[in-house]
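Trainee: target-v9.csv (CSV, C-alpha atoms and all ligand atoms) pasted underneath:
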```
chain,number,residue,atom,x,y,z
A,1,MET,CA,118.1,107.0,77.7
A,2,ASN,CA,115.1,105.9,79.7
A,3,MET,CA,113.6,109.2,80.9
A,4,ASN,CA,111.1,107.3,83.1
A,5,ASN,CA,113.7,105.4,85.2
A,6,LYS,CA,112.2,106.1,88.6
A,7,ALA,CA,115.0,104.2,90.3
A,8,ILE,CA,117.5,107.0,89.6
A,9,ILE,CA,115.2,110.0,89.4
A,10,PRO,CA,114.2,111.2,92.9
A,11,PRO,CA,110.4,110.8,93.6
A,12,GLY,CA,108.3,113.8,92.8
A,13,SER,CA,110.9,115.2,90.4
A,14,ILE,CA,110.4,116.5,86.9
A,15,PRO,CA,112.4,114.5,84.4
A,16,PRO,CA,114.2,115.7,81.2
A,17,GLY,CA,111.6,115.9,78.4
A,18,SER,CA,109.3,117.9,80.6
A,19,THR,CA,108.5,121.6,80.2
A,20,ILE,CA,109.7,124.4,82.5
A,21,GLY,CA,107.6,127.6,82.6
A,22,ILE,CA,109.7,130.7,83.2
A,23,ILE,CA,108.1,134.0,84.3
A,24,GLY,CA,110.1,136.8,82.8
A,25,GLY,CA,111.7,137.1,79.4
A,26,GLY,CA,115.1,138.7,80.2
A,27,GLN,CA,118.7,137.4,79.9
A,28,LEU,CA,118.3,135.4,83.1
A,29,GLY,CA,115.4,133.5,81.5
A,30,ARG,CA,117.4,133.2,78.3
A,31,MET,CA,120.4,131.6,80.0
A,32,THR,CA,118.2,129.4,82.1
A,33,ALA,CA,116.4,128.2,79.0
A,34,VAL,CA,119.7,127.3,77.3
A,35,ALA,CA,120.8,125.4,80.4
A,36,ALA,CA,117.4,123.6,80.5
A,37,ALA,CA,117.8,122.6,76.8
A,38,GLU,CA,121.2,121.1,77.5
A,39,LEU,CA,119.5,118.8,80.1
A,40,GLY,CA,116.7,117.9,77.6
A,41,PHE,CA,114.0,120.2,79.0
A,42,LYS,CA,111.7,122.5,77.0
A,43,THR,CA,110.9,126.0,78.2
A,44,HIS,CA,107.9,128.2,77.9
A,45,ILE,CA,108.3,131.9,78.7
A,46,PHE,CA,105.6,134.3,80.1
A,47,THR,CA,106.5,137.9,79.5
A,48,PRO,CA,104.8,141.2,78.7
A,49,GLU,CA,107.7,142.0,76.3
A,50,GLN,CA,107.5,141.2,72.5
A,51,ASN,CA,110.7,139.6,71.1
A,52,SER,CA,112.2,139.1,74.6
A,53,PRO,CA,115.8,137.7,74.9
A,54,ALA,CA,114.4,134.5,76.5
A,55,SER,CA,111.7,133.9,73.9
A,56,GLU,CA,114.4,133.6,71.2
A,57,VAL,CA,115.7,130.4,72.7
A,58,ALA,CA,112.5,128.9,74.1
A,59,ALA,CA,109.9,126.6,72.6
A,60,LYS,CA,107.0,128.9,73.2
A,61,THR,CA,106.3,132.4,74.6
A,62,ILE,CA,103.1,133.9,75.9
A,63,VAL,CA,103.1,137.7,75.7
A,64,ALA,CA,100.7,139.0,78.2
A,65,SER,CA,100.7,141.2,81.3
A,66,TYR,CA,101.6,139.6,84.6
A,67,ASP,CA,98.1,140.0,85.9
A,68,ASP,CA,96.3,138.5,82.9
A,69,ALA,CA,94.6,135.5,84.7
A,70,SER,CA,93.5,133.7,81.5
A,71,ALA,CA,96.9,134.0,80.0
A,72,LEU,CA,98.5,132.7,83.2
A,73,LYS,CA,96.1,129.7,83.2
A,74,LYS,CA,96.9,128.9,79.6
A,75,PHE,CA,100.6,129.1,80.4
A,76,ALA,CA,100.3,126.8,83.4
A,77,ASP,CA,98.3,124.3,81.5
A,78,ASN,CA,101.2,123.6,79.1
A,79,VAL,CA,104.1,123.3,81.6
A,80,ASP,CA,105.2,120.9,84.3
A,81,VAL,CA,106.8,123.3,86.8
A,82,ILE,CA,106.9,127.1,87.0
A,83,THR,CA,109.8,129.4,88.1
A,84,PHE,CA,110.8,133.0,87.9
A,85,GLU,CA,113.7,135.0,86.4
A,86,PHE,CA,112.0,138.1,87.8
A,87,GLU,CA,110.6,138.3,91.3
A,88,ASN,CA,108.3,141.3,90.9
A,89,VAL,CA,105.2,139.3,90.0
A,90,PRO,CA,101.9,140.2,91.7
A,91,ALA,CA,100.9,137.9,94.6
A,92,ALA,CA,97.5,137.2,93.0
A,93,SER,CA,99.2,135.9,89.8
A,94,VAL,CA,101.5,133.6,91.8
A,95,LYS,CA,98.5,132.2,93.7
A,96,ILE,CA,96.7,131.4,90.4
A,97,LEU,CA,99.9,129.6,89.1
A,98,ALA,CA,100.4,127.8,92.4
A,99,GLY,CA,96.9,126.4,92.2
A,100,LEU,CA,97.7,124.8,88.8
A,101,LYS,CA,101.3,123.6,88.8
A,102,PRO,CA,104.3,123.4,91.2
A,103,VAL,CA,105.8,126.9,91.6
A,104,ARG,CA,109.4,126.9,92.7
A,105,PRO,CA,110.6,128.8,94.7
A,106,GLY,CA,107.4,129.5,96.5
A,107,TRP,CA,105.5,132.6,97.2
A,108,GLN,CA,107.0,133.3,100.7
A,109,CYS,CA,110.5,134.1,99.4
A,110,LEU,CA,109.1,136.2,96.5
A,111,GLU,CA,107.1,138.3,98.9
A,112,ILE,CA,110.2,139.0,101.0
A,113,ALA,CA,112.5,139.7,98.1
A,114,GLN,CA,110.0,142.1,96.4
A,115,ASP,CA,110.2,144.6,99.2
A,116,ARG,CA,113.3,146.1,100.8
A,117,ILE,CA,111.6,146.6,104.2
A,118,ARG,CA,110.4,143.0,104.4
A,119,GLU,CA,113.9,141.9,103.3
A,120,LYS,CA,115.5,143.9,106.1
A,121,ASN,CA,113.0,142.7,108.7
A,122,PHE,CA,113.6,139.1,107.6
A,123,ALA,CA,117.4,139.5,107.9
A,124,GLU,CA,117.0,141.0,111.3
A,125,SER,CA,114.7,138.2,112.4
A,126,LEU,CA,117.7,135.9,111.8
A,127,SER,CA,120.1,138.3,113.7
A,128,ILE,CA,121.8,139.2,110.3
A,129,LYS,CA,123.0,142.8,110.2
A,130,THR,CA,121.9,145.4,107.6
A,131,ALA,CA,122.6,149.1,107.0
A,132,PRO,CA,120.7,151.3,109.5
A,133,TRP,CA,117.3,152.0,108.0
A,134,ALA,CA,113.9,153.5,108.4
A,135,GLY,CA,110.7,153.2,106.4
A,136,VAL,CA,109.5,156.6,105.1
A,137,ASN,CA,106.2,157.4,103.5
A,138,ASN,CA,106.4,161.2,103.0
A,139,ALA,CA,108.8,164.2,103.1
A,140,ASP,CA,108.3,164.9,106.8
A,141,GLU,CA,109.1,161.3,107.7
A,142,LEU,CA,112.2,161.5,105.5
A,143,ALA,CA,113.4,164.6,107.4
A,144,ALA,CA,112.8,162.9,110.7
A,145,ALA,CA,114.6,159.7,109.5
A,146,ILE,CA,117.6,161.7,108.4
A,147,LYS,CA,117.9,163.1,111.9
A,148,THR,CA,118.3,159.6,113.4
A,149,ILE,CA,120.2,157.9,110.5
A,150,GLY,CA,122.4,160.8,109.5
A,151,THR,CA,124.1,161.5,106.1
A,152,PRO,CA,125.2,160.4,103.7
A,153,ALA,CA,122.2,158.1,103.2
A,154,ILE,CA,120.4,156.5,100.3
A,155,LEU,CA,116.7,156.8,99.8
A,156,LYS,CA,115.3,153.9,97.8
A,157,THR,CA,111.8,152.8,96.7
A,158,THR,CA,110.8,149.8,98.7
A,159,GLN,CA,109.7,147.9,95.5
A,160,LEU,CA,110.6,147.6,91.8
A,161,GLY,CA,114.1,149.2,92.1
A,162,TYR,CA,117.0,147.6,90.2
A,163,ASP,CA,120.4,148.5,88.8
A,164,GLY,CA,120.5,151.7,90.9
A,165,LYS,CA,117.1,152.8,89.6
A,166,GLY,CA,114.7,154.1,92.2
A,167,GLN,CA,117.5,155.5,94.4
A,168,VAL,CA,118.5,159.0,95.5
A,169,ARG,CA,121.7,159.7,97.4
A,170,ILE,CA,121.2,162.3,100.2
A,171,ASN,CA,124.2,164.3,101.5
A,172,SER,CA,124.5,166.6,104.4
A,173,GLY,CA,122.6,169.9,103.7
A,174,ASP,CA,120.6,168.5,100.8
A,175,ASP,CA,117.0,169.6,100.3
A,176,THR,CA,115.0,166.6,101.7
A,177,ALA,CA,111.7,167.7,100.2
A,178,LYS,CA,113.4,167.8,96.8
A,179,ALA,CA,114.9,164.3,97.3
A,180,TRP,CA,111.5,163.0,98.2
A,181,ALA,CA,109.8,164.5,95.2
A,182,GLU,CA,112.6,163.2,92.9
A,183,LEU,CA,112.0,159.6,94.0
A,184,GLY,CA,108.3,159.9,93.2
A,185,THR,CA,106.9,157.2,95.4
A,186,ASP,CA,104.8,156.9,98.6
A,187,ALA,CA,106.7,154.0,100.0
A,188,ALA,CA,110.5,154.3,100.5
A,189,ILE,CA,113.3,153.2,102.8
A,190,LEU,CA,116.1,155.4,104.0
A,191,GLU,CA,119.4,153.5,104.4
A,192,GLY,CA,122.5,154.9,106.1
A,193,PHE,CA,125.4,154.8,103.6
A,194,VAL,CA,127.7,151.9,104.5
A,195,ASP,CA,131.3,152.7,104.4
A,196,PHE,CA,132.1,149.2,103.1
A,197,GLN,CA,135.5,147.8,102.3
A,198,LEU,CA,134.1,145.5,99.7
A,199,GLU,CA,130.9,144.1,98.2
A,200,VAL,CA,130.5,140.4,97.9
A,201,SER,CA,127.7,138.0,97.0
A,202,VAL,CA,126.9,134.4,97.7
A,203,ILE,CA,124.7,132.2,95.5
A,204,CYS,CA,123.4,129.0,97.0
A,205,ALA,CA,121.3,126.3,95.5
A,206,ARG,CA,118.8,124.4,97.6
A,207,GLY,CA,117.2,121.3,96.3
A,208,ALA,CA,113.7,120.0,96.9
A,209,ASP,CA,115.1,117.7,99.7
A,210,GLY,CA,116.9,120.6,101.4
A,211,THR,CA,120.3,119.7,100.1
A,212,MET,CA,122.4,122.8,99.6
A,213,LYS,CA,125.4,123.5,97.3
A,214,THR,CA,126.9,127.0,97.4
A,215,PHE,CA,129.2,128.7,94.9
A,216,ASP,CA,132.4,130.4,96.1
A,217,VAL,CA,132.0,133.9,97.5
A,218,VAL,CA,132.7,136.5,94.8
A,219,GLN,CA,133.6,140.2,94.9
A,220,ASN,CA,131.4,142.7,93.1
A,221,HIS,CA,132.2,146.2,91.8
A,222,HIS,CA,129.4,148.5,90.8
A,223,ILE,CA,129.5,151.7,88.8
A,224,ASN,CA,126.5,154.1,89.2
A,225,GLY,CA,124.5,151.3,91.0
A,226,ILE,CA,125.0,148.8,88.1
A,227,LEU,CA,127.2,145.8,88.5
A,228,ASP,CA,130.4,146.3,86.4
A,229,THR,CA,132.6,143.3,87.4
A,230,THR,CA,132.5,140.2,89.5
A,231,THR,CA,135.8,138.6,90.5
A,232,ALA,CA,135.8,135.0,91.5
A,233,PRO,CA,136.9,134.2,94.1
A,234,ALA,CA,136.6,137.2,96.4
A,235,ASN,CA,139.8,138.4,98.0
A,236,ILE,CA,138.7,137.7,101.6
A,237,SER,CA,139.9,135.4,104.5
A,238,ASP,CA,138.6,131.9,104.7
A,239,GLU,CA,136.9,132.8,108.0
A,240,LEU,CA,134.9,135.6,106.3
A,241,SER,CA,134.1,133.4,103.4
A,242,VAL,CA,132.7,130.7,105.8
A,243,ARG,CA,130.6,133.4,107.6
A,244,ALA,CA,129.3,134.8,104.3
A,245,ILE,CA,128.2,131.4,103.1
A,246,GLU,CA,126.6,130.5,106.4
A,247,THR,CA,124.6,133.7,106.3
A,248,ALA,CA,123.2,133.0,102.8
A,249,GLU,CA,122.5,129.4,103.6
A,250,LYS,CA,120.7,130.3,106.8
A,251,MET,CA,118.5,132.7,104.8
A,252,ALA,CA,117.8,130.1,102.1
A,253,THR,CA,116.9,127.5,104.7
A,254,LYS,CA,114.6,129.8,106.6
A,255,MET,CA,112.7,130.7,103.4
A,256,ASP,CA,112.6,127.0,102.4
A,257,ILE,CA,114.0,128.0,99.0
A,258,VAL,CA,113.8,125.4,96.2
A,259,GLY,CA,116.0,127.0,93.6
A,260,LEU,CA,118.7,129.6,94.0
A,261,LEU,CA,119.2,132.4,96.5
A,262,ALA,CA,121.7,135.2,95.7
A,263,VAL,CA,122.6,137.4,98.6
A,264,GLU,CA,124.5,140.7,98.2
A,265,MET,CA,126.6,141.7,101.2
A,266,PHE,CA,128.7,144.6,102.3
A,267,ILE,CA,131.9,143.8,104.2
A,268,THR,CA,133.2,146.5,106.5
A,269,ALA,CA,136.7,147.2,107.6
A,270,ASP,CA,135.9,145.6,111.0
A,271,GLY,CA,134.9,142.4,109.3
A,272,ASP,CA,131.2,142.8,109.8
A,273,ILE,CA,128.8,141.3,107.2
A,274,LEU,CA,125.8,143.4,106.3
A,275,ILE,CA,123.1,142.2,103.9
A,276,ASN,CA,122.3,144.6,101.1
A,277,GLU,CA,119.7,142.6,99.2
A,278,MET,CA,118.7,139.2,98.0
A,279,ALA,CA,117.2,137.6,94.9
A,280,PRO,CA,115.6,134.1,94.8
A,281,ARG,CA,116.8,133.4,91.2
A,282,PRO,CA,119.9,133.4,89.1
A,283,HIS,CA,121.9,136.6,89.6
A,284,ASN,CA,124.3,138.7,87.5
A,285,SER,CA,127.1,138.1,90.0
A,286,GLY,CA,126.8,134.3,89.2
A,287,HIS,CA,127.4,134.6,85.5
A,288,TRP,CA,131.0,133.6,85.9
A,289,THR,CA,129.9,130.1,87.0
A,290,GLN,CA,129.0,129.4,83.3
A,291,ASP,CA,132.7,129.1,82.5
A,292,GLY,CA,134.4,128.9,85.9
A,293,CYS,CA,132.5,126.0,87.6
A,294,THR,CA,131.6,122.4,87.0
A,295,THR,CA,127.9,123.3,87.2
A,296,SER,CA,126.7,126.8,86.2
A,297,GLN,CA,124.1,128.7,88.3
A,298,PHE,CA,121.6,128.2,85.5
A,299,GLU,CA,122.0,124.5,85.3
A,300,GLN,CA,121.9,124.3,89.1
A,301,PHE,CA,118.7,126.4,89.1
A,302,VAL,CA,117.1,124.0,86.6
A,303,ARG,CA,118.2,121.0,88.6
A,304,ALA,CA,116.8,122.4,91.8
A,305,VAL,CA,113.5,123.6,90.4
A,306,CYS,CA,112.9,120.2,88.7
A,307,GLY,CA,113.8,118.3,92.0
A,308,LEU,CA,116.9,116.7,90.5
A,309,SER,CA,120.1,116.2,92.4
A,310,LEU,CA,122.3,119.2,92.4
A,311,GLY,CA,125.6,119.3,90.6
A,312,SER,CA,129.1,120.2,91.9
A,313,PRO,CA,129.5,124.0,92.3
A,314,GLU,CA,133.3,123.6,92.3
A,315,ARG,CA,135.3,126.4,90.8
A,316,HIS,CA,137.8,125.0,88.3
A,317,SER,CA,139.0,128.4,87.1
A,318,ASP,CA,139.3,131.8,88.5
A,319,ALA,CA,137.2,134.3,86.6
A,320,VAL,CA,136.4,138.0,86.1
A,321,MET,CA,132.9,138.6,84.7
A,322,LYS,CA,132.5,142.0,83.0
A,323,ASN,CA,129.1,143.3,82.1
A,324,LEU,CA,128.7,144.7,78.6
A,325,ILE,CA,126.5,147.7,79.1
A,326,GLY,CA,125.1,149.7,76.2
A,327,SER,CA,127.7,150.2,73.4
A,328,ASP,CA,130.3,148.0,75.3
A,329,ALA,CA,129.0,145.1,73.3
A,330,ASP,CA,130.1,146.7,70.0
A,331,ASP,CA,133.6,145.5,71.0
A,332,TRP,CA,132.5,141.8,70.6
A,333,GLU,CA,135.1,141.1,67.9
A,334,LYS,CA,138.0,142.3,70.0
A,335,ILE,CA,136.6,140.4,73.0
A,336,ILE,CA,136.4,137.1,71.2
A,337,SER,CA,139.8,137.5,69.6
A,338,GLU,CA,141.3,137.0,73.1
A,339,PRO,CA,141.3,133.2,73.8
A,340,GLU,CA,140.8,133.5,77.6
A,341,ASN,CA,137.5,135.3,77.0
A,342,LYS,CA,134.1,133.7,76.9
A,343,LEU,CA,131.5,136.0,75.4
A,344,HIS,CA,127.8,135.8,76.1
A,345,LEU,CA,125.4,138.1,74.3
A,346,TYR,CA,121.7,138.4,75.0
A,347,GLY,CA,120.4,139.1,71.5
A,348,LYS,CA,119.0,142.5,72.4
A,349,ARG,CA,118.6,144.8,69.4
A,350,ASP,CA,118.8,148.3,71.0
A,351,ALA,CA,122.0,149.1,72.8
A,352,ARG,CA,120.5,151.8,75.0
A,353,PRO,CA,122.8,153.4,77.6
A,354,GLY,CA,122.7,151.5,80.9
A,355,ARG,CA,121.1,148.4,79.2
A,356,LYS,CA,122.8,145.0,79.9
A,357,MET,CA,123.6,143.7,76.4
A,358,GLY,CA,125.9,140.8,77.4
A,359,HIS,CA,128.9,139.8,79.6
A,360,VAL,CA,132.3,138.4,79.1
A,361,ASN,CA,133.9,135.9,81.5
A,362,ARG,CA,137.7,136.1,81.4
A,363,LEU,CA,139.3,132.9,82.7
A,364,TYR,CA,142.5,132.3,84.7
A,365,LYS,CA,144.1,129.2,86.1
A,366,LYS,CA,142.7,128.4,89.5
A,367,GLY,CA,144.6,130.4,92.1
A,368,SER,CA,146.1,132.8,89.7
A,369,GLY,CA,143.2,135.2,89.0
A,370,PRO,CA,143.6,139.0,89.8
A,371,GLN,CA,143.3,140.0,93.4
A,372,VAL,CA,141.1,143.2,93.6
A,401,LIG,P1,121.0,148.1,95.3
A,401,LIG,O1,120.1,148.4,94.2
A,401,LIG,O2,120.4,148.3,96.7
A,401,LIG,O3,121.7,146.7,95.2
A,401,LIG,O4,122.2,149.1,95.2
A,401,LIG,C1,123.1,149.1,94.2
A,401,LIG,C2,124.5,149.5,94.7
A,401,LIG,O5,124.5,150.8,95.3
A,401,LIG,C3,125.0,148.5,95.7
A,401,LIG,O6,125.6,147.4,95.2
A,401,LIG,C4,126.1,149.4,96.4
A,401,LIG,O7,127.2,149.5,95.6
A,401,LIG,C5,125.4,150.8,96.4
A,401,LIG,N1,124.6,150.9,97.7
A,401,LIG,C6,123.3,150.5,97.8
A,401,LIG,N2,122.9,150.7,99.1
A,401,LIG,C7,124.0,151.2,99.8
A,401,LIG,C8,124.2,151.5,101.2
A,401,LIG,N3,123.2,151.5,102.1
A,401,LIG,N4,125.5,151.9,101.5
A,401,LIG,C9,126.4,152.0,100.6
A,401,LIG,N5,126.3,151.7,99.3
A,401,LIG,C10,125.1,151.3,98.9
```
Before we go any further, please render this structure as structure tokens.

Mentor:
Amino acid sequence: MNMNNKAIIPPGSIPPGSTIGIIGGGQLGRMTAVAAAELGFKTHIFTPEQNSPASEVAAKTIVASYDDASALKKFADNVDVITFEFENVPAASVKILAGLKPVRPGWQCLEIAQDRIREKNFAESLSIKTAPWAGVNNADELAAAIKTIGTPAILKTTQLGYDGKGQVRINSGDDTAKAWAELGTDAAILEGFVDFQLEVSVICARGADGTMKTFDVVQNHHINGILDTTTAPANISDELSVRAIETAEKMATKMDIVGLLAVEMFITADGDILINEMAPRPHNSGHWTQDGCTTSQFEQFVRAVCGLSLGSPERHSDAVMKNLIGSDADDWEKIISEPENKLHLYGKRDARPGRKMGHVNRLYKKGSGPQV
């Protein structure tokens, strides 16, 4: 294979044989590194964690804190392009990296995705609906916000929350000062509780030339704020599916994403689409694409970040992805004994409660998957 064939590789692209730098060492980085290896790329990981899931499958890892400027420089010196499996990286660090190597996606979308209030303002600037919300910075502001938003409501930290962490549910009559103290932050958002009919997500890939390829809309079920299952495709009308895809693509275009954008949405009984949150990277609700689509979200991510042409996102099978949380992964033997199951484990040693240890994609003939 001639890796330098400029006639078929788009100008400015990063060809196979190059090295992709991934910020973050979790399972998303691990699966991206595997997909990158399949296309002939090497990966280097930057993570504060020793023995991270991604470093097990990467050529090299730098273990340092996200604000270690000299480690970031060393990392950038040895890669051809930089991306993220984790968006909560300090702005100053991204600026250092961007001065040394192409960073995709860029800082603008990370800045929005890092903060729930910026995310909501961004959605509203595009006339995209969200839950009713108010920014709150102390217990008095919380009490005032509850008067306008009502209960039930969810109080969330504006930054660094994930998998239901950094959230407190507030019901009618609850002690708001106690709820505020429980969250332990000075920057929060109060969201009205959306009485949604279902939760869906859309993952679109956007290439360096603005081309977009979007996976089918999928339906998500959470337990205690953690994703439990994703069913592909979602059991929604074609009209809703088109609107959900248009919403995600509009957001990706506006932020000039080069990479992936995952958008989580609530669908109400009236057919309204409300944005919950977004992530400019591979997403847990896209893991089914590994076994259900022509191109997985991880391969698509690598293609986009490297400026290559995007693959087909076509769904060739229906699928249900189930997360294996904590001790769920102990059942691996039973899971692989069923031939429709595709098991993915992340190589994590400690199966702590609530920790994502792996997932299983159960495949069905296209059009015959379960309707939930
Ligand atoms: P988040 O971390 O914001 O994605 O929240 C995790 C999960 O909690 C969501 O997927 C929903 O199931 C639920 N949730 C979060 N915010 C709301 C809301 N405003 N109304 C109803 N359910 C919510």

Trainee: What's the 7 Å shell around Thr158 in chain A, counting only C-alpha atoms, without same-chain residues fewer than 3 positions away, as a VMD selection string?

Mentor: chain A and resid 115 to 117 187 to 189

Trainee: Which residues sit within 7 Å of ligand LIG 401 (chain A), counting all atoms listed in the file, listed as a list of chain:residue names?

Mentor: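 The neighbouring residues of ligand LIG 401 (chain A) are, in order, A:Ala131, A:Ala153, A:Ile154, A:Gly161, A:Tyr162, A:Asp163, A:Gly164, A:Glu191, A:Gly192, A:Phe193, A:Val194, A:Asp195, A:Phe196, A:Glu199, A:His222, A:Gly225, A:Ile226, A:Asn276, A:Glu277.
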
Trainee: Between A:Ala252, A:Ile14, A:Ala64, A:Ala145, which is the closest to Gly307 in chain A once you count all atoms listed in the file?

Mentor: A:Ile14

Trainee: Taking 4 positions as the minimum chain separation for residues in the same chain, which residues sit within 8 Å of Thr43 in chain A when counting all atoms listed in the file? Answer as a ChimeraX atom specification.

Mentor: /A:19-22,33,36-37,58-60

Trainee: Taking into account only C-alpha atoms, which residue in the set A:Pro339, A:Ala208, A:Val305, A:Thr229 is nearest to Gly286 in chain A?

Mentor: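 Result for the nearest residue to Gly286 in chain A: A:Thr229.
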
Trainee: Take range 329-354 of chain A from the block and save it with N, CA and C atoms, as a PDB file, in the first residue's frame.

Mentor:
```pdb
ATOM      1  N   ALA A 329     -19.957  -7.798  34.930  1.00  0.00           N
ATOM      2  CA  ALA A 329     -18.976  -8.378  34.005  1.00  0.00           C
ATOM      3  C   ALA A 329     -18.524  -9.768  34.433  1.00  0.00           C
ATOM      4  N   ASP A 330     -18.829 -10.137  35.684  1.00  0.00           N
ATOM      5  CA  ASP A 330     -18.485 -11.487  36.146  1.00  0.00           C
ATOM      6  C   ASP A 330     -19.221 -12.555  35.331  1.00  0.00           C
ATOM      7  N   ASP A 331     -20.326 -12.144  34.683  1.00  0.00           N
ATOM      8  CA  ASP A 331     -21.118 -13.096  33.882  1.00  0.00           C
ATOM      9  C   ASP A 331     -20.571 -13.268  32.467  1.00  0.00           C
ATOM     10  N   TRP A 332     -19.329 -12.865  32.227  1.00  0.00           N
ATOM     11  CA  TRP A 332     -18.798 -12.863  30.856  1.00  0.00           C
ATOM     12  C   TRP A 332     -18.924 -14.215  30.155  1.00  0.00           C
ATOM     13  N   GLU A 333     -18.786 -15.302  30.935  1.00  0.00           N
ATOM     14  CA  GLU A 333     -18.786 -16.624  30.313  1.00  0.00           C
ATOM     15  C   GLU A 333     -20.172 -16.960  29.748  1.00  0.00           C
ATOM     16  N   LYS A 334     -21.189 -16.637  30.535  1.00  0.00           N
ATOM     17  CA  LYS A 334     -22.571 -16.858  30.097  1.00  0.00           C
ATOM     18  C   LYS A 334     -22.854 -15.959  28.882  1.00  0.00           C
ATOM     19  N   ILE A 335     -22.382 -14.714  28.964  1.00  0.00           N
ATOM     20  CA  ILE A 335     -22.657 -13.759  27.873  1.00  0.00           C
ATOM     21  C   ILE A 335     -22.065 -14.271  26.559  1.00  0.00           C
ATOM     22  N   ILE A 336     -20.833 -14.712  26.574  1.00  0.00           N
ATOM     23  CA  ILE A 336     -20.248 -15.150  25.297  1.00  0.00           C
ATOM     24  C   ILE A 336     -20.756 -16.518  24.849  1.00  0.00           C
ATOM     25  N   SER A 337     -21.451 -17.227  25.746  1.00  0.00           N
ATOM     26  CA  SER A 337     -21.976 -18.531  25.320  1.00  0.00           C
ATOM     27  C   SER A 337     -23.204 -18.371  24.417  1.00  0.00           C
ATOM     28  N   GLU A 338     -23.759 -17.141  24.352  1.00  0.00           N
ATOM     29  CA  GLU A 338     -24.917 -16.904  23.464  1.00  0.00           C
ATOM     30  C   GLU A 338     -24.410 -16.279  22.174  1.00  0.00           C
ATOM     31  N   PRO A 339     -24.637 -16.960  21.036  1.00  0.00           N
ATOM     32  CA  PRO A 339     -23.968 -16.546  19.805  1.00  0.00           C
ATOM     33  C   PRO A 339     -24.368 -15.170  19.256  1.00  0.00           C
ATOM     34  N   GLU A 340     -25.532 -14.649  19.665  1.00  0.00           N
ATOM     35  CA  GLU A 340     -25.918 -13.308  19.161  1.00  0.00           C
ATOM     36  C   GLU A 340     -25.210 -12.194  19.929  1.00  0.00           C
ATOM     37  N   ASN A 341     -24.507 -12.552  20.987  1.00  0.00           N
ATOM     38  CA  ASN A 341     -23.881 -11.527  21.832  1.00  0.00           C
ATOM     39  C   ASN A 341     -22.458 -11.222  21.392  1.00  0.00           C
ATOM     40  N   LYS A 342     -22.116  -9.945  21.382  1.00  0.00           N
ATOM     41  CA  LYS A 342     -20.727  -9.533  21.155  1.00  0.00           C
ATOM     42  C   LYS A 342     -20.273  -8.832  22.430  1.00  0.00           C
ATOM     43  N   LEU A 343     -19.280  -9.406  23.079  1.00  0.00           N
ATOM     44  CA  LEU A 343     -18.806  -8.903  24.373  1.00  0.00           C
ATOM     45  C   LEU A 343     -17.613  -7.968  24.191  1.00  0.00           C
ATOM     46  N   HIS A 344     -17.637  -6.873  24.905  1.00  0.00           N
ATOM     47  CA  HIS A 344     -16.509  -5.924  24.898  1.00  0.00           C
ATOM     48  C   HIS A 344     -16.149  -5.618  26.351  1.00  0.00           C
ATOM     49  N   LEU A 345     -14.954  -5.983  26.758  1.00  0.00           N
ATOM     50  CA  LEU A 345     -14.507  -5.702  28.131  1.00  0.00           C
ATOM     51  C   LEU A 345     -13.363  -4.690  28.079  1.00  0.00           C
ATOM     52  N   TYR A 346     -13.283  -3.873  29.134  1.00  0.00           N
ATOM     53  CA  TYR A 346     -12.352  -2.743  29.096  1.00  0.00           C
ATOM     54  C   TYR A 346     -11.035  -3.005  29.836  1.00  0.00           C
ATOM     55  N   GLY A 347     -10.876  -4.221  30.362  1.00  0.00           N
ATOM     56  CA  GLY A 347      -9.605  -4.551  31.009  1.00  0.00           C
ATOM     57  C   GLY A 347      -9.399  -3.865  32.349  1.00  0.00           C
ATOM     58  N   LYS A 348     -10.496  -3.412  32.974  1.00  0.00           N
ATOM     59  CA  LYS A 348     -10.340  -2.750  34.280  1.00  0.00           C
ATOM     60  C   LYS A 348     -10.248  -3.815  35.362  1.00  0.00           C
ATOM     61  N   ARG A 349      -9.340  -3.602  36.298  1.00  0.00           N
ATOM     62  CA  ARG A 349      -9.124  -4.631  37.317  1.00  0.00           C
ATOM     63  C   ARG A 349     -10.180  -4.612  38.419  1.00  0.00           C
ATOM     64  N   ASP A 350     -10.481  -3.439  38.955  1.00  0.00           N
ATOM     65  CA  ASP A 350     -11.394  -3.380  40.113  1.00  0.00           C
ATOM     66  C   ASP A 350     -12.825  -3.145  39.661  1.00  0.00           C
ATOM     67  N   ALA A 351     -13.694  -4.119  39.943  1.00  0.00           N
ATOM     68  CA  ALA A 351     -15.108  -4.005  39.561  1.00  0.00           C
ATOM     69  C   ALA A 351     -15.884  -3.256  40.635  1.00  0.00           C
ATOM     70  N   ARG A 352     -15.572  -1.976  40.810  1.00  0.00           N
ATOM     71  CA  ARG A 352     -16.275  -1.202  41.846  1.00  0.00           C
ATOM     72  C   ARG A 352     -17.732  -0.984  41.449  1.00  0.00           C
ATOM     73  N   PRO A 353     -18.660  -0.887  42.435  1.00  0.00           N
ATOM     74  CA  PRO A 353     -20.064  -0.637  42.094  1.00  0.00           C
ATOM     75  C   PRO A 353     -20.186   0.656  41.278  1.00  0.00           C
ATOM     76  N   GLY A 354     -20.985   0.625  40.237  1.00  0.00           N
ATOM     77  CA  GLY A 354     -21.199   1.822  39.417  1.00  0.00           C
ATOM     78  C   GLY A 354     -20.132   2.018  38.353  1.00  0.00           C
TER      79      GLY A 354
END
```
